[in-house]
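**Student:** File my_file-v3.txt below, compact mmCIF, C-alpha atoms:
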```txt
# COMPACT_ATOMS: atom_id res chain seq x y z
CA MET S 1 -8.32 31.46 -34.79
CA PHE S 2 -4.93 33.01 -35.37
CA SER S 3 -4.91 34.74 -31.99
CA PHE S 4 -5.80 31.45 -30.35
CA PHE S 5 -2.80 29.92 -32.06
CA ILE S 6 -0.56 32.71 -30.73
CA ILE S 7 -1.89 32.26 -27.20
CA SER S 8 -1.43 28.51 -27.27
CA LEU S 9 2.08 29.01 -28.62
CA GLY S 10 2.82 31.21 -25.63
CA VAL S 11 1.53 28.52 -23.27
CA PHE S 12 3.71 25.92 -24.94
CA ALA S 13 6.72 28.20 -24.73
CA GLN S 14 6.16 28.50 -21.01
CA GLU S 15 5.90 24.76 -20.62
CA GLY S 16 9.05 24.22 -22.66
CA LYS S 17 11.31 24.21 -19.62
CA ILE S 18 9.83 22.07 -16.93
CA GLU S 19 11.06 22.92 -13.52
CA MET S 20 12.62 19.97 -11.72
CA ALA S 21 14.69 19.97 -8.57
CA ASP S 22 17.85 20.66 -10.57
CA GLU S 23 19.06 23.24 -8.12
CA LEU S 24 18.47 20.97 -5.16
CA ARG S 25 20.52 18.32 -6.85
CA SER S 26 23.29 20.61 -8.04
CA SER S 27 23.82 21.96 -4.55
CA GLY S 28 24.00 18.34 -3.47
CA LYS S 29 21.37 18.60 -0.76
CA ILE S 30 19.12 15.87 -2.12
CA TYR S 31 21.51 13.49 -0.38
CA VAL S 32 20.44 14.97 2.95
CA VAL S 33 16.89 13.83 2.21
CA VAL S 34 18.18 10.43 1.09
CA ALA S 35 20.12 10.12 4.34
CA VAL S 36 17.13 11.06 6.49
CA MET S 37 14.76 8.71 4.70
CA THR S 38 17.31 5.89 4.81
CA LEU S 39 17.72 6.41 8.55
CA LEU S 40 13.95 6.40 9.05
CA PHE S 41 13.44 3.26 7.06
CA VAL S 42 16.40 1.41 8.59
CA SER S 43 15.14 2.20 12.10
CA PHE S 44 11.67 1.01 11.11
CA ILE S 45 13.07 -2.29 9.85
CA VAL S 46 15.34 -2.79 12.86
CA TYR S 47 12.32 -2.12 15.09
CA LEU S 48 10.27 -4.73 13.19
CA PHE S 49 13.08 -7.28 13.54
CA THR S 50 13.36 -6.70 17.32
CA ILE S 51 9.59 -7.11 17.76
CA ASP S 52 9.85 -10.30 15.73
CA LYS S 53 12.69 -11.56 17.96
CA ARG S 54 10.84 -10.76 21.20
CA LEU S 55 7.76 -12.56 19.91
CA LYS S 56 9.85 -15.60 19.08
CA LYS S 57 11.11 -15.67 22.67
CA ILE S 58 7.59 -15.45 24.09
CA GLU S 59 6.39 -18.18 21.74
CA LYS S 60 8.97 -20.53 23.29
CA MET E 1 17.58 -17.15 10.13
CA TYR E 2 16.89 -19.31 7.04
CA LYS E 3 13.17 -18.74 7.49
CA ASN E 4 13.69 -14.97 7.57
CA TRP E 5 15.15 -14.62 4.10
CA TRP E 6 12.01 -12.95 2.73
CA LYS E 7 12.02 -10.38 5.53
CA ILE E 8 15.60 -9.47 4.63
CA LEU E 9 14.65 -9.39 0.94
CA ALA E 10 11.77 -7.02 1.75
CA SER E 11 14.09 -4.73 3.73
CA ILE E 12 16.67 -4.61 0.96
CA LEU E 13 14.06 -4.00 -1.75
CA VAL E 14 12.40 -1.10 0.05
CA LEU E 15 15.74 0.35 1.15
CA TYR E 16 16.82 0.32 -2.50
CA THR E 17 13.62 2.08 -3.54
CA VAL E 18 14.02 4.76 -0.86
CA ILE E 19 17.48 5.62 -2.19
CA GLY E 20 16.83 4.90 -5.88
CA GLY E 21 13.41 6.50 -5.75
CA LEU E 22 14.98 9.82 -4.80
CA LEU E 23 18.06 9.73 -6.99
CA ILE E 24 17.29 7.87 -10.21
CA GLN E 25 16.29 10.08 -13.14
CA VAL E 26 12.55 10.50 -13.69
CA PRO E 27 10.79 11.86 -16.79
CA GLU E 28 10.19 15.61 -16.72
CA LEU E 29 6.44 16.15 -16.80
CA PRO E 30 4.36 19.27 -16.27
CA ILE E 31 2.34 19.62 -13.04
CA LEU E 32 3.91 16.48 -11.55
CA HIS E 33 7.55 17.66 -11.52
CA GLU E 34 9.50 15.78 -8.83
CA SER E 35 6.29 14.65 -7.14
CA ILE E 36 6.18 11.82 -9.70
CA ARG E 37 8.49 10.04 -7.26
CA ASN E 38 5.50 9.60 -4.96
CA LEU E 39 4.55 6.75 -7.28
CA TYR E 40 7.24 4.64 -5.57
CA PHE E 41 5.71 5.17 -2.14
CA HIS E 42 2.00 5.89 -2.53
CA VAL E 43 1.01 3.15 -5.01
CA PRO E 44 2.79 0.24 -3.21
CA MET E 45 0.63 0.98 -0.14
CA TRP E 46 -2.44 0.03 -2.19
CA PHE E 47 -0.78 -3.07 -3.61
CA ALA E 48 0.16 -4.15 -0.08
CA MET E 49 -3.41 -3.51 1.10
CA ILE E 50 -4.94 -5.57 -1.70
CA VAL E 51 -2.57 -8.48 -1.09
CA VAL E 52 -3.32 -8.70 2.65
CA TYR E 53 -7.05 -8.44 1.89
CA LEU E 54 -6.58 -11.30 -0.58
CA VAL E 55 -4.82 -13.34 2.12
CA SER E 56 -7.78 -12.53 4.35
CA VAL E 57 -10.41 -13.89 1.93
CA ILE E 58 -8.34 -17.01 1.30
CA TYR E 59 -8.24 -17.72 5.03
CA SER E 60 -11.92 -16.88 5.41
CA ILE E 61 -12.74 -19.52 2.80
CA LYS E 62 -10.33 -21.92 4.49
CA TYR E 63 -12.06 -21.25 7.81
CA LEU E 64 -15.47 -22.09 6.35
CA ASN E 65 -14.02 -25.36 5.07
CA SER E 66 -12.05 -26.38 8.13
CA GLY E 67 -13.63 -24.63 11.10
CA ASN E 68 -10.07 -24.10 12.35
CA GLU E 69 -10.07 -21.05 14.63
CA ASN E 70 -6.53 -20.07 13.62
CA HIS E 71 -7.65 -19.50 10.03
CA ASP E 72 -10.20 -17.02 11.32
CA LEU E 73 -7.48 -15.23 13.32
CA ILE E 74 -5.31 -14.86 10.20
CA ALA E 75 -8.31 -13.40 8.35
CA VAL E 76 -8.92 -10.76 11.05
CA GLU E 77 -5.33 -9.74 11.43
CA SER E 78 -4.95 -9.46 7.64
CA VAL E 79 -7.89 -7.07 7.53
CA ASN E 80 -6.46 -5.09 10.46
CA THR E 81 -3.14 -4.71 8.63
CA GLY E 82 -4.85 -3.90 5.34
CA ILE E 83 -6.86 -1.09 6.92
CA VAL E 84 -3.66 0.54 8.18
CA PHE E 85 -2.13 0.40 4.70
CA GLY E 86 -5.39 1.69 3.22
CA PHE E 87 -5.36 4.72 5.51
CA ILE E 88 -1.69 5.42 4.74
CA GLY E 89 -2.57 5.16 1.04
CA LEU E 90 -5.47 7.60 1.42
CA ALA E 91 -3.43 10.07 3.48
CA SER E 92 -0.38 10.02 1.20
CA GLY E 93 -2.66 10.36 -1.81
CA MET E 94 -4.36 13.38 -0.25
CA ILE E 95 -1.04 15.16 0.23
CA TRP E 96 -0.02 14.39 -3.35
CA ALA E 97 -3.43 15.44 -4.72
CA ASN E 98 -3.31 18.71 -2.82
CA TYR E 99 -0.20 19.82 -4.71
CA THR E 100 -0.92 18.37 -8.15
CA TRP E 101 -4.71 18.31 -8.52
CA GLY E 102 -5.25 21.40 -6.40
CA SER E 103 -7.31 19.87 -3.64
CA PRO E 104 -6.78 17.02 -1.16
CA TRP E 105 -10.06 15.41 -2.17
CA PRO E 106 -11.07 16.23 -5.74
CA ASN E 107 -14.25 14.47 -6.70
CA ASP E 108 -12.42 11.62 -8.35
CA PRO E 109 -14.20 8.25 -8.69
CA LYS E 110 -11.10 6.36 -7.59
CA LEU E 111 -10.80 8.36 -4.37
CA ASN E 112 -14.45 7.88 -3.51
CA SER E 113 -14.38 4.17 -4.20
CA ALA E 114 -11.16 3.76 -2.22
CA ALA E 115 -12.90 5.47 0.71
CA ILE E 116 -15.96 3.24 0.34
CA SER E 117 -13.86 0.07 0.25
CA THR E 118 -11.99 1.18 3.38
CA LEU E 119 -15.33 1.78 5.11
CA MET E 120 -16.44 -1.69 4.00
CA TYR E 121 -13.50 -3.24 5.82
CA LEU E 122 -14.10 -1.05 8.87
CA ALA E 123 -17.62 -2.50 8.84
CA TYR E 124 -16.04 -5.96 8.96
CA ILE E 125 -14.35 -5.01 12.25
CA VAL E 126 -17.61 -3.54 13.61
CA LEU E 127 -19.51 -6.67 12.58
CA ARG E 128 -17.03 -8.86 14.42
CA SER E 129 -17.16 -6.88 17.62
CA SER E 130 -20.95 -6.97 17.60
CA ILE E 131 -21.18 -10.77 17.83
CA GLU E 132 -20.44 -12.37 21.18
CA GLU E 133 -20.38 -16.02 20.31
CA GLU E 134 -17.02 -17.02 18.82
CA GLN E 135 -17.96 -19.56 16.18
CA LYS E 136 -20.91 -17.53 15.00
CA ARG E 137 -18.70 -14.44 14.80
CA ALA E 138 -16.06 -16.28 12.78
CA LYS E 139 -18.58 -17.76 10.39
CA ILE E 140 -20.63 -14.61 9.72
CA SER E 141 -17.56 -12.40 9.33
CA ALA E 142 -15.95 -14.94 6.97
CA ILE E 143 -19.03 -14.81 4.75
CA TYR E 144 -19.07 -11.00 4.90
CA ASN E 145 -15.39 -11.00 3.94
CA ILE E 146 -16.04 -13.17 0.88
CA PHE E 147 -18.59 -10.60 -0.32
CA ALA E 148 -16.42 -7.62 0.59
CA PHE E 149 -13.36 -8.65 -1.41
CA PRO E 150 -14.90 -8.76 -4.91
CA ALA E 151 -16.81 -5.58 -4.09
CA MET E 152 -13.49 -3.92 -3.23
CA VAL E 153 -11.94 -5.12 -6.51
CA VAL E 154 -14.90 -3.76 -8.47
CA LEU E 155 -14.76 -0.43 -6.61
CA LEU E 156 -11.03 0.05 -7.13
CA PHE E 157 -10.42 -1.39 -10.57
CA ILE E 158 -13.65 -1.47 -12.56
CA LEU E 159 -15.91 1.45 -11.62
CA PRO E 160 -13.20 4.16 -11.92
CA ARG E 161 -12.36 2.87 -15.42
CA LEU E 162 -15.94 3.38 -16.60
CA THR E 163 -15.86 7.13 -16.01
CA ASP E 164 -13.23 9.82 -16.23
CA SER E 165 -10.70 9.79 -13.46
CA LEU E 166 -7.68 11.87 -12.59
CA HIS E 167 -5.74 8.72 -11.84
CA PRO E 168 -3.66 7.52 -14.78
CA GLY E 169 -4.98 4.47 -16.58
CA ASN E 170 -8.60 5.25 -15.78
CA GLY E 171 -11.32 6.49 -18.09
CA GLY E 172 -10.23 4.46 -21.07
CA ASN E 173 -6.67 3.26 -21.41
CA PRO E 174 -5.34 0.69 -18.96
CA GLY E 175 -2.67 1.63 -16.44
CA PHE E 176 0.96 0.56 -16.52
CA GLY E 177 0.90 0.38 -20.32
CA THR E 178 4.18 0.60 -22.16
CA TYR E 179 3.74 4.31 -22.79
CA ASP E 180 2.48 5.12 -19.30
CA LEU E 181 5.39 4.15 -17.12
CA ASP E 182 8.92 5.23 -17.93
CA ARG E 183 11.47 2.42 -18.28
CA ASN E 184 13.72 3.90 -15.61
CA MET E 185 10.81 4.13 -13.22
CA ARG E 186 9.94 0.45 -13.58
CA PHE E 187 13.31 -0.49 -12.07
CA VAL E 188 12.29 1.25 -8.87
CA PHE E 189 8.52 0.82 -8.96
CA TYR E 190 8.34 -2.99 -9.21
CA PRO E 191 10.83 -3.64 -6.38
CA ALA E 192 8.90 -1.09 -4.28
CA VAL E 193 5.62 -2.94 -4.86
CA LEU E 194 7.14 -6.34 -4.05
CA GLY E 195 9.02 -4.98 -1.02
CA TRP E 196 5.99 -3.32 0.54
CA ILE E 197 3.80 -6.37 -0.12
CA LEU E 198 6.32 -8.51 1.77
CA ILE E 199 6.48 -5.98 4.62
CA SER E 200 2.69 -5.91 4.94
CA VAL E 201 2.59 -9.71 5.10
CA TRP E 202 5.37 -9.60 7.68
CA ILE E 203 3.42 -7.15 9.88
CA MET E 204 0.35 -9.35 9.45
CA THR E 205 2.21 -12.45 10.68
CA ILE E 206 3.50 -10.54 13.72
CA ARG E 207 -0.05 -9.45 14.56
CA TYR E 208 -1.29 -13.00 14.06
CA ARG E 209 1.35 -14.46 16.37
CA ILE E 210 0.49 -11.93 19.09
CA ARG E 211 -3.18 -12.80 18.62
CA LEU E 212 -2.42 -16.52 18.99
CA ILE E 213 -0.68 -15.93 22.32
CA GLU E 214 -3.52 -13.70 23.53
CA ASN E 215 -6.02 -16.32 22.48
CA LYS E 216 -4.21 -19.06 24.39
CA GLN E 217 -4.04 -16.86 27.48
CA ASN E 218 -7.77 -16.13 27.29
CA GLN E 219 -8.57 -19.82 27.16
CA ILE E 220 -6.41 -20.54 30.22
CA ASP E 221 -8.03 -17.77 32.29
```
Spell out the structure here as structure tokens.

**Tutor:**
Amino acid sequence: MFSFFIISLGVFAQEGKIEMADELRSSGKIYVVVAVMTLLFVSFIVYLFTIDKRLKKIEK
Amino acid sequence: MYKNWWKILASILVLYTVIGGLLIQVPELPILHESIRNLYFHVPMWFAMIVVYLVSVIYSIKYLNSGNENHDLIAVESVNTGIVFGFIGLASGMIWANYTWGSPWPNDPKLNSAAISTLMYLAYIVLRSSIEEEQKRAKISAIYNIFAFPAMVVLLFILPRLTDSLHPGNGGNPGFGTYDLDRNMRFVFYPAVLGWILISVWIMTIRYRIRLIENKQNQID
């Protein structure tokens, strides 16, 4: 019972510091991902709007 | 332009969630780590799918009432759009599951029922293409659709809750409870859901308008 407690304590100690992308953020490179995803999404939306416009022309 | 305000709203909402979803602080949780941000992109796919399927049933019922062919066309194109969002939801979920649950397809009730409901809507497409006569096709597929929608709701929201599931909010406690979703995350998650729903409806209307033109051309020929 006691040894189980020790083991579980060790597990908790390991989980104490949860690894997040702190390093990625501190080196500032997360903004590269933000830029790429923004570009992708903006192009997708612009594409949708142009399809919409072309359709409107054909409808007339 | 005044009719397009909701398309612009959808663009702004999703653009905000792309940027905010990557930068705004998220709770630090074991196993999930930064992958918790997938919530902003994976879950809205399912919301969008359910909403276009809902539009589809509504127009199927309307078709049975009115016999207006255009209502039938909206129902088909809604299902076509919903299937795309369903597949994106399945694929993005598989990537996420691979890194957090250890396998792309763990035997989770929610995954299996999501797959079944997608197959059910694929069957709708197969059913349609198997009937030559137009009015018969529209009528039978509308009735099928009315049965498929509640079955999909049961498969996605009721059956997984009755057993244990890896998805949060299943196997007991309901999802999106106050202690389930971090307050910071709500500010990104809800706009993401609304934005993607609007985008799916937008894609559906584009498909419908193309279908209308095709339909007119077929009748002239």

**Student:** Each residue of chain E with at least one atom at most 7 Å from chain S should appear once, together with its nearest atom pair and the corresponding distance in Å (one decimal); atoms considered: all atoms listed in the file; ordering: chain, then increasing residue number; output as JSON lines.

**Tutor:**
```
{"residue": "E:Ser11", "atom": "CA", "partner": "S:Ile45", "partner_atom": "CA", "distance": 6.7}
{"residue": "E:Leu15", "atom": "CA", "partner": "S:Thr38", "partner_atom": "CA", "distance": 6.8}
{"residue": "E:Val18", "atom": "CA", "partner": "S:Thr38", "partner_atom": "CA", "distance": 6.7}
{"residue": "E:Ile19", "atom": "CA", "partner": "S:Val34", "partner_atom": "CA", "distance": 5.9}
{"residue": "E:Leu22", "atom": "CA", "partner": "S:Val34", "partner_atom": "CA", "distance": 6.7}
{"residue": "E:Glu28", "atom": "CA", "partner": "S:Ile18", "partner_atom": "CA", "distance": 6.5}
{"residue": "E:Leu29", "atom": "CA", "partner": "S:Ile18", "partner_atom": "CA", "distance": 6.8}
{"residue": "E:Pro30", "atom": "CA", "partner": "S:Ile18", "partner_atom": "CA", "distance": 6.2}
{"residue": "E:His33", "atom": "CA", "partner": "S:Met20", "partner_atom": "CA", "distance": 5.6}
{"residue": "E:Glu34", "atom": "CA", "partner": "S:Met20", "partner_atom": "CA", "distance": 6.0}
{"residue": "E:Ile206", "atom": "CA", "partner": "S:Asp52", "partner_atom": "CA", "distance": 6.7}
```

**Student:** So how far away is CA of Ser117 in chain E from CA of Asp164 in chain E, in Å?

**Tutor:**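 Going from CA of Asp164 in chain E over to CA of Ser117 in chain E covers 19.2 Å.
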
**Student:** What lies within 6 Å of range 45-52 of chain E using all atoms listed in the file, ignoring chain neighbours under 5 positions off, as a PDB file with C-alpha atoms, in the frame of the given file?

**Tutor:**
```pdb
ATOM      1  CA  SER E  78      -4.950  -9.460   7.640  1.00  0.00           C
ATOM      2  CA  GLY E  82      -4.850  -3.900   5.340  1.00  0.00           C
ATOM      3  CA  PHE E  85      -2.130   0.400   4.700  1.00  0.00           C
ATOM      4  CA  GLY E  86      -5.390   1.690   3.220  1.00  0.00           C
ATOM      5  CA  GLY E  89      -2.570   5.160   1.040  1.00  0.00           C
ATOM      6  CA  TRP E 196       5.990  -3.320   0.540  1.00  0.00           C
ATOM      7  CA  ILE E 197       3.800  -6.370  -0.120  1.00  0.00           C
ATOM      8  CA  SER E 200       2.690  -5.910   4.940  1.00  0.00           C
TER       9      SER E 200
END
```

**Student:** Quick one: 5 Å padding each side, axis-aligned, all listed atoms of range 100-105 of chain E - centre and edge lengths in Å to one decimal, as AutoDock Vina command-line options?

**Tutor:**
```
--center_x -5.5 --center_y 18.4 --center_z -4.8 --size_x 19.1 --size_y 16.0 --size_z 17.4
```

**Student:** Quote the spacing between CA of Ser56 in chain E and CA of Ile210 in chain E in Å to one decimal place.

**Tutor:** 16.9 Å

**Student:** Can you find the residues with an atom no farther than 12 Å from (-9.9, -20.6, 11.9), counting all atoms listed in the file, and report them as number ranges by chain?

**Tutor:** E: 56, 58-77, 134-139, 141-142, 208, 212

**Student:** Kindly give the distance, in Å, that separates CA of Ala97 in chain E and CA of Val201 in chain E, rounded to a single decimal.

**Tutor:**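 Those two atoms sit 27.7 Å apart.
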
**Student:** Please, which residues are within 10 Å of (-10.6, 4.2, -2.2) by the file's coordinates, counting only C-alpha atoms, and could they come as a list of chain:residue names?

**Tutor:**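 Using only C-alpha atoms, the matching residues come out as E:Trp46, E:Gly86, E:Phe87, E:Gly89, E:Leu90, E:Asp108, E:Pro109, E:Lys110, E:Leu111, E:Asn112, E:Ser113, E:Ala114, E:Ala115, E:Ile116, E:Ser117, E:Thr118, E:Leu119, E:Met152, E:Leu155, E:Leu156.
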
**Student:** Considering only C-alpha atoms, state which residue in the set E:Leu166, E:Ile31, E:Val79, E:Val57 is at the smallest distance from Asn107 in chain E.

**Tutor:**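 Distance minimum relative to Asn107 in chain E lands on E:Leu166.
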